[in-house]
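A.B. asks: I have a structure here, written as structure tokens, and I will follow up with some questions on it.
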Amino acid sequence: MCASSSSSSGSHAPAGLPASTPNHQNGSIVLNASSRQDGSAAGSGQDGPSSTAGNSAKTSPRSVEWLLQNLHAKGYQQPTPIQRQAIPTLMASRELLAVAPTGSGKTVAFCAPILLHLKALRARARKAAQQAEEAAQQAQQAQQQGSVSKAGTPAKGQPPSSKKAKRGGAEAALAAAAEAAAAAKEMWPDAIKAVILSPSHELTAQQGRVLKQLLPGSNLKASILTRSTAAGTNFSKVDILLANPLRLATLADEGKIDLSHVRFLVLDEADKLFEMGFVEQIDAVLSACKHKSIVRALFSATLPEKVEDLARTVLVEPLRVTVGARNTAVNTVDQRLLFVGRENGKLLALRQLLTEGLKPPVLVFVATKDRARALHKELMYDGVRADSLSASQSMAARTAAVDNFRSGRTWVLVSTDLIGRGMDFIGVNTVINYDMPATTTDYIHRIGRTGRAGHTGTAVTFFTEEDKPVLRPVANLIRESGGNVPDWMTKMKKVRTKDRKKMKLSEKEASGATISTQTKEDKQKAKKRAMIAASKAKKAKLADKQA
């Protein structure tokens, strides 16, 4: 990563992170990535990045050296395509709608410009405050020199009119200095200046880990909004806040958090935020973020047209940047479909894959929290170091499950779609879709947990006889990303979206009761043994009391 600044259309990119090169074509622009192998990037908007907006910040090699050192220390050598486009765009105060594949470095793409801008803004505010203080001191000195004596006579050798004029000029200078000091305070108030919204606590925590790596040398403070921090944090001392929409909107509505000075608002995994019904909370946050120079940005790996239309109501003349083909699976993942017959064949197939030497860590996706719990229990019976993760667990349990999987203490993590969005687990070798994803968007995000940051991975999707009607969209995705699928899968009759949504798991399947290879007789025997054991324990307890 070189230590030189580059600019495009008046925008200023951080050293080593080249600015995009806008080519105007019929009122739109195409933003060129460094090379095709790094990923293609296309953009559209009325204009390219420009530094004319009031929120823009200039950078120099020296002013970004601290950030480059942090990036190098964490193994970052060259910017990814989305970083090449997003960083100069946000530094130029242009609102952004960014779509890039999973594992393409989106978190750094919005964290870096926020840090660079806020650090530069803080330096400007301090300089302005210092200049205002010096001006005030000079005005006070001038006022003292022009003051009249206690008897009301002019100073020796000075006409009364000159004395009065000097005193009036000093008072005006004092007033101007006070206004300048107030402006400097407004430039850098004791308040939150950037907000990053995401759909899950796990993703927010991951963003916090990335941001923590980039913070040294910035003199900025960041915080994650949780139940505990909401009660014990003075948010007027926080510069960057990472949060989920519901809690943030509630606290802002109650007046416990002031968002009126926010200059950057980022919605990560924006499509999921809108799909999960956070629209009302997002509107509340947007209303609270009312700074005149605010810059908003939306990032996601997928962006359906309906969601994009909704997203555009949030942004003002955004620049849209798309890296790679839109709404497609990554080509760094070897994808295959595995027919397992019926429901009870899934567990047998998973056990066979694990027996054949499936290299951990392995991420297994299921449809419901009860199925996650049931499959976790079955794998534990097999001696597999497994854990499960779902929204029904406490925050402490979810955090422990993620941390154990990251550290290697857990080999297999069974999860619902809770962590299918944005989570970056280093070295996940295999993703198994135990249950067929509900949509192609969910499929893209699920398999995107492997094959990240240039690494390769494997994704295996189980399907049953009942899944065949919804097989075609997934098969098309696999073929589009370079995978091999039988022709009959792509030629199957297309199922309407509303009919596909009706094809849900039965109540028994959703409860996890079918995730077992035990026969009915074995289950009855196990139940009888458990009843006998409970009866014996009860009798023993009663005997102890009588003794």
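Starting from 1 in every chain, residues are counted up; chains themselves are A, B, ... following the order of the structure tokens, and ligands are numbered from 1 as listed.
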Quick one: contact table of range 408-488 of chain A to range 356-362 of chain A, 8 Å max, nearest atom pair and distance in Å to one decimal per residue, counting only C-alpha atoms, chain and number order, as CSV?

C.D. replies:
residue,atom,partner,partner_atom,distance
A:Gly408,CA,A:Pro361,CA,7.3
A:Thr410,CA,A:Pro361,CA,7.6
A:Trp411,CA,A:Pro361,CA,4.8
A:Val412,CA,A:Val362,CA,4.8
A:Leu413,CA,A:Val362,CA,6.5
A:Gly427,CA,A:Pro361,CA,7.2
A:Val428,CA,A:Pro361,CA,5.2
A:Asn429,CA,A:Pro361,CA,6.0
A:Thr430,CA,A:Val362,CA,5.0
A:Val431,CA,A:Val362,CA,5.9
A:Ile432,CA,A:Val362,CA,7.5

A.B. asks: Those same residues - N, CA and C atoms - I'd like them written as a PDB file, in the first residue's frame.

C.D. replies:
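This is the output file again-v2.pdb:
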ATOM      1  N   GLY A 408     -12.080 -21.615  17.990  1.00  0.00           N
ATOM      2  CA  GLY A 408     -11.797 -22.998  17.629  1.00  0.00           C
ATOM      3  C   GLY A 408     -12.213 -24.009  18.677  1.00  0.00           C
ATOM      4  N   THR A 410     -15.222 -24.619  19.412  1.00  0.00           N
ATOM      5  CA  THR A 410     -16.370 -25.275  18.779  1.00  0.00           C
ATOM      6  C   THR A 410     -16.031 -25.556  17.327  1.00  0.00           C
ATOM      7  N   TRP A 411     -16.278 -26.793  16.888  1.00  0.00           N
ATOM      8  CA  TRP A 411     -15.983 -27.177  15.509  1.00  0.00           C
ATOM      9  C   TRP A 411     -17.170 -26.940  14.578  1.00  0.00           C
ATOM     10  N   VAL A 412     -18.365 -27.223  15.102  1.00  0.00           N
ATOM     11  CA  VAL A 412     -19.576 -27.108  14.290  1.00  0.00           C
ATOM     12  C   VAL A 412     -20.552 -26.178  15.001  1.00  0.00           C
ATOM     13  N   LEU A 413     -20.963 -25.123  14.322  1.00  0.00           N
ATOM     14  CA  LEU A 413     -21.941 -24.191  14.879  1.00  0.00           C
ATOM     15  C   LEU A 413     -23.236 -24.305  14.083  1.00  0.00           C
ATOM     16  N   GLY A 427     -11.661 -18.301   8.365  1.00  0.00           N
ATOM     17  CA  GLY A 427     -11.319 -19.690   8.113  1.00  0.00           C
ATOM     18  C   GLY A 427     -12.461 -20.674   8.097  1.00  0.00           C
ATOM     19  N   VAL A 428     -13.723 -20.232   7.995  1.00  0.00           N
ATOM     20  CA  VAL A 428     -14.818 -21.194   7.866  1.00  0.00           C
ATOM     21  C   VAL A 428     -14.635 -21.945   6.554  1.00  0.00           C
ATOM     22  N   ASN A 429     -14.464 -23.260   6.658  1.00  0.00           N
ATOM     23  CA  ASN A 429     -14.186 -24.060   5.466  1.00  0.00           C
ATOM     24  C   ASN A 429     -15.449 -24.509   4.740  1.00  0.00           C
ATOM     25  N   THR A 430     -16.491 -24.786   5.527  1.00  0.00           N
ATOM     26  CA  THR A 430     -17.693 -25.363   4.915  1.00  0.00           C
ATOM     27  C   THR A 430     -18.958 -24.765   5.524  1.00  0.00           C
ATOM     28  N   VAL A 431     -19.907 -24.477   4.662  1.00  0.00           N
ATOM     29  CA  VAL A 431     -21.254 -24.092   5.077  1.00  0.00           C
ATOM     30  C   VAL A 431     -22.210 -25.178   4.592  1.00  0.00           C
ATOM     31  N   ILE A 432     -23.049 -25.661   5.502  1.00  0.00           N
ATOM     32  CA  ILE A 432     -24.042 -26.682   5.134  1.00  0.00           C
ATOM     33  C   ILE A 432     -25.434 -26.109   5.349  1.00  0.00           C
TER      34      ILE A 432
END

A.B. asks: Looking only at the backbone, which of the residues in range 109-278 of chain A does DSSP tag as strand (DSSP E), as an NGL selection string?

C.D. replies: :A and (194-197 or 222-224 or 240-243 or 264-268)

A.B. asks: If we count only C-alpha atoms, what is near Asp382 in chain A at a cut-off of 12 Å, once residues fewer than 3 positions away on the same chain are taken out, given as a list in words?

C.D. replies: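 Neighbouring residues, sequence-local ones excluded: Leu347, Leu348, Leu350, Arg351, Gln352, Leu354, Thr355, Leu375, His376, Lys377, Glu378, Leu379, Arg385, Ala386, Ser516 and Thr517 of chain A.
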
A.B. asks: For C-alpha atoms, I'd like the residues from the last selection saved as a JSON list (two decimals), in the first residue's frame.

C.D. replies:
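Everything below was put into result29.json:
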[["chain", "number", "residue", "atom", "x", "y", "z"],
["A", 347, "LEU", "CA", -29.04, -36.10, 9.74],
["A", 348, "LEU", "CA", -27.63, -39.24, 8.12],
["A", 350, "LEU", "CA", -24.55, -34.69, 7.84],
["A", 351, "ARG", "CA", -23.08, -37.50, 9.90],
["A", 352, "GLN", "CA", -21.63, -39.06, 6.78],
["A", 354, "LEU", "CA", -18.49, -35.37, 9.20],
["A", 355, "THR", "CA", -17.28, -38.98, 9.20],
["A", 375, "LEU", "CA", -29.49, -30.78, 15.85],
["A", 376, "HIS", "CA", -26.99, -29.43, 18.37],
["A", 377, "LYS", "CA", -28.10, -32.10, 20.85],
["A", 378, "GLU", "CA", -27.76, -34.87, 18.29],
["A", 379, "LEU", "CA", -24.25, -33.80, 17.34],
["A", 385, "ARG", "CA", -17.73, -30.32, 19.55],
["A", 386, "ALA", "CA", -20.86, -28.44, 18.52],
["A", 516, "SER", "CA", -33.20, -37.88, 15.16],
["A", 517, "THR", "CA", -32.11, -41.22, 13.76]]

A.B. asks: Could you give me, as a list in words, the residues within 10 Å of range 179-181 of chain A, counting only C-alpha atoms and dropping anything in the same chain fewer than 6 positions from it?

C.D. replies: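 Non-adjacent residues within range: Ala125, Arg126, Ala128, Ala129, Gln130, Gln131, Ala132, Glu133, Ala135, Ala136, Ala173 and Met187 of chain A.
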
A.B. asks: Which residues of range 254-309 of chain A sit at most 10 Å from range 74-92 of chain A, using only C-alpha atoms? Give each one's shortest atom pair and distance in Å (one decimal place), in chain and ascending residue order, as a Markdown table.

C.D. replies:
| residue | atom | partner | partner_atom | distance |
| --- | --- | --- | --- | --- |
| A:Phe264 | CA | A:Leu90 | CA | 9.0 |
| A:Val295 | CA | A:Leu90 | CA | 7.6 |
| A:Arg296 | CA | A:Leu90 | CA | 8.7 |
| A:Ala297 | CA | A:Leu90 | CA | 8.1 |
| A:Phe299 | CA | A:Ala86 | CA | 9.7 |

A.B. asks: With a distance cut-off of 6 Å and only C-alpha atoms, select the neighbouring residues of Val99 in chain A, excluding the residue or stretch itself and same-chain residues fewer than 4 positions from it, and output the selection as a list of chain:residue names.

C.D. replies: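 The neighbour list is A:Phe299, A:Ser300, A:Ala301, A:Thr322.
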
A.B. asks: Print the selection's residues with C-alpha atoms to a file, as a compact mmCIF listing (two decimals), in the first residue's frame.

C.D. replies:
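The resulting out-v3.txt:
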# COMPACT_ATOMS: atom_id res chain seq x y z
CA PHE A 299 -24.31 -1.16 2.27
CA SER A 300 -25.39 -4.71 1.46
CA ALA A 301 -24.40 -7.85 -0.40
CA THR A 322 -22.14 -2.27 -7.51
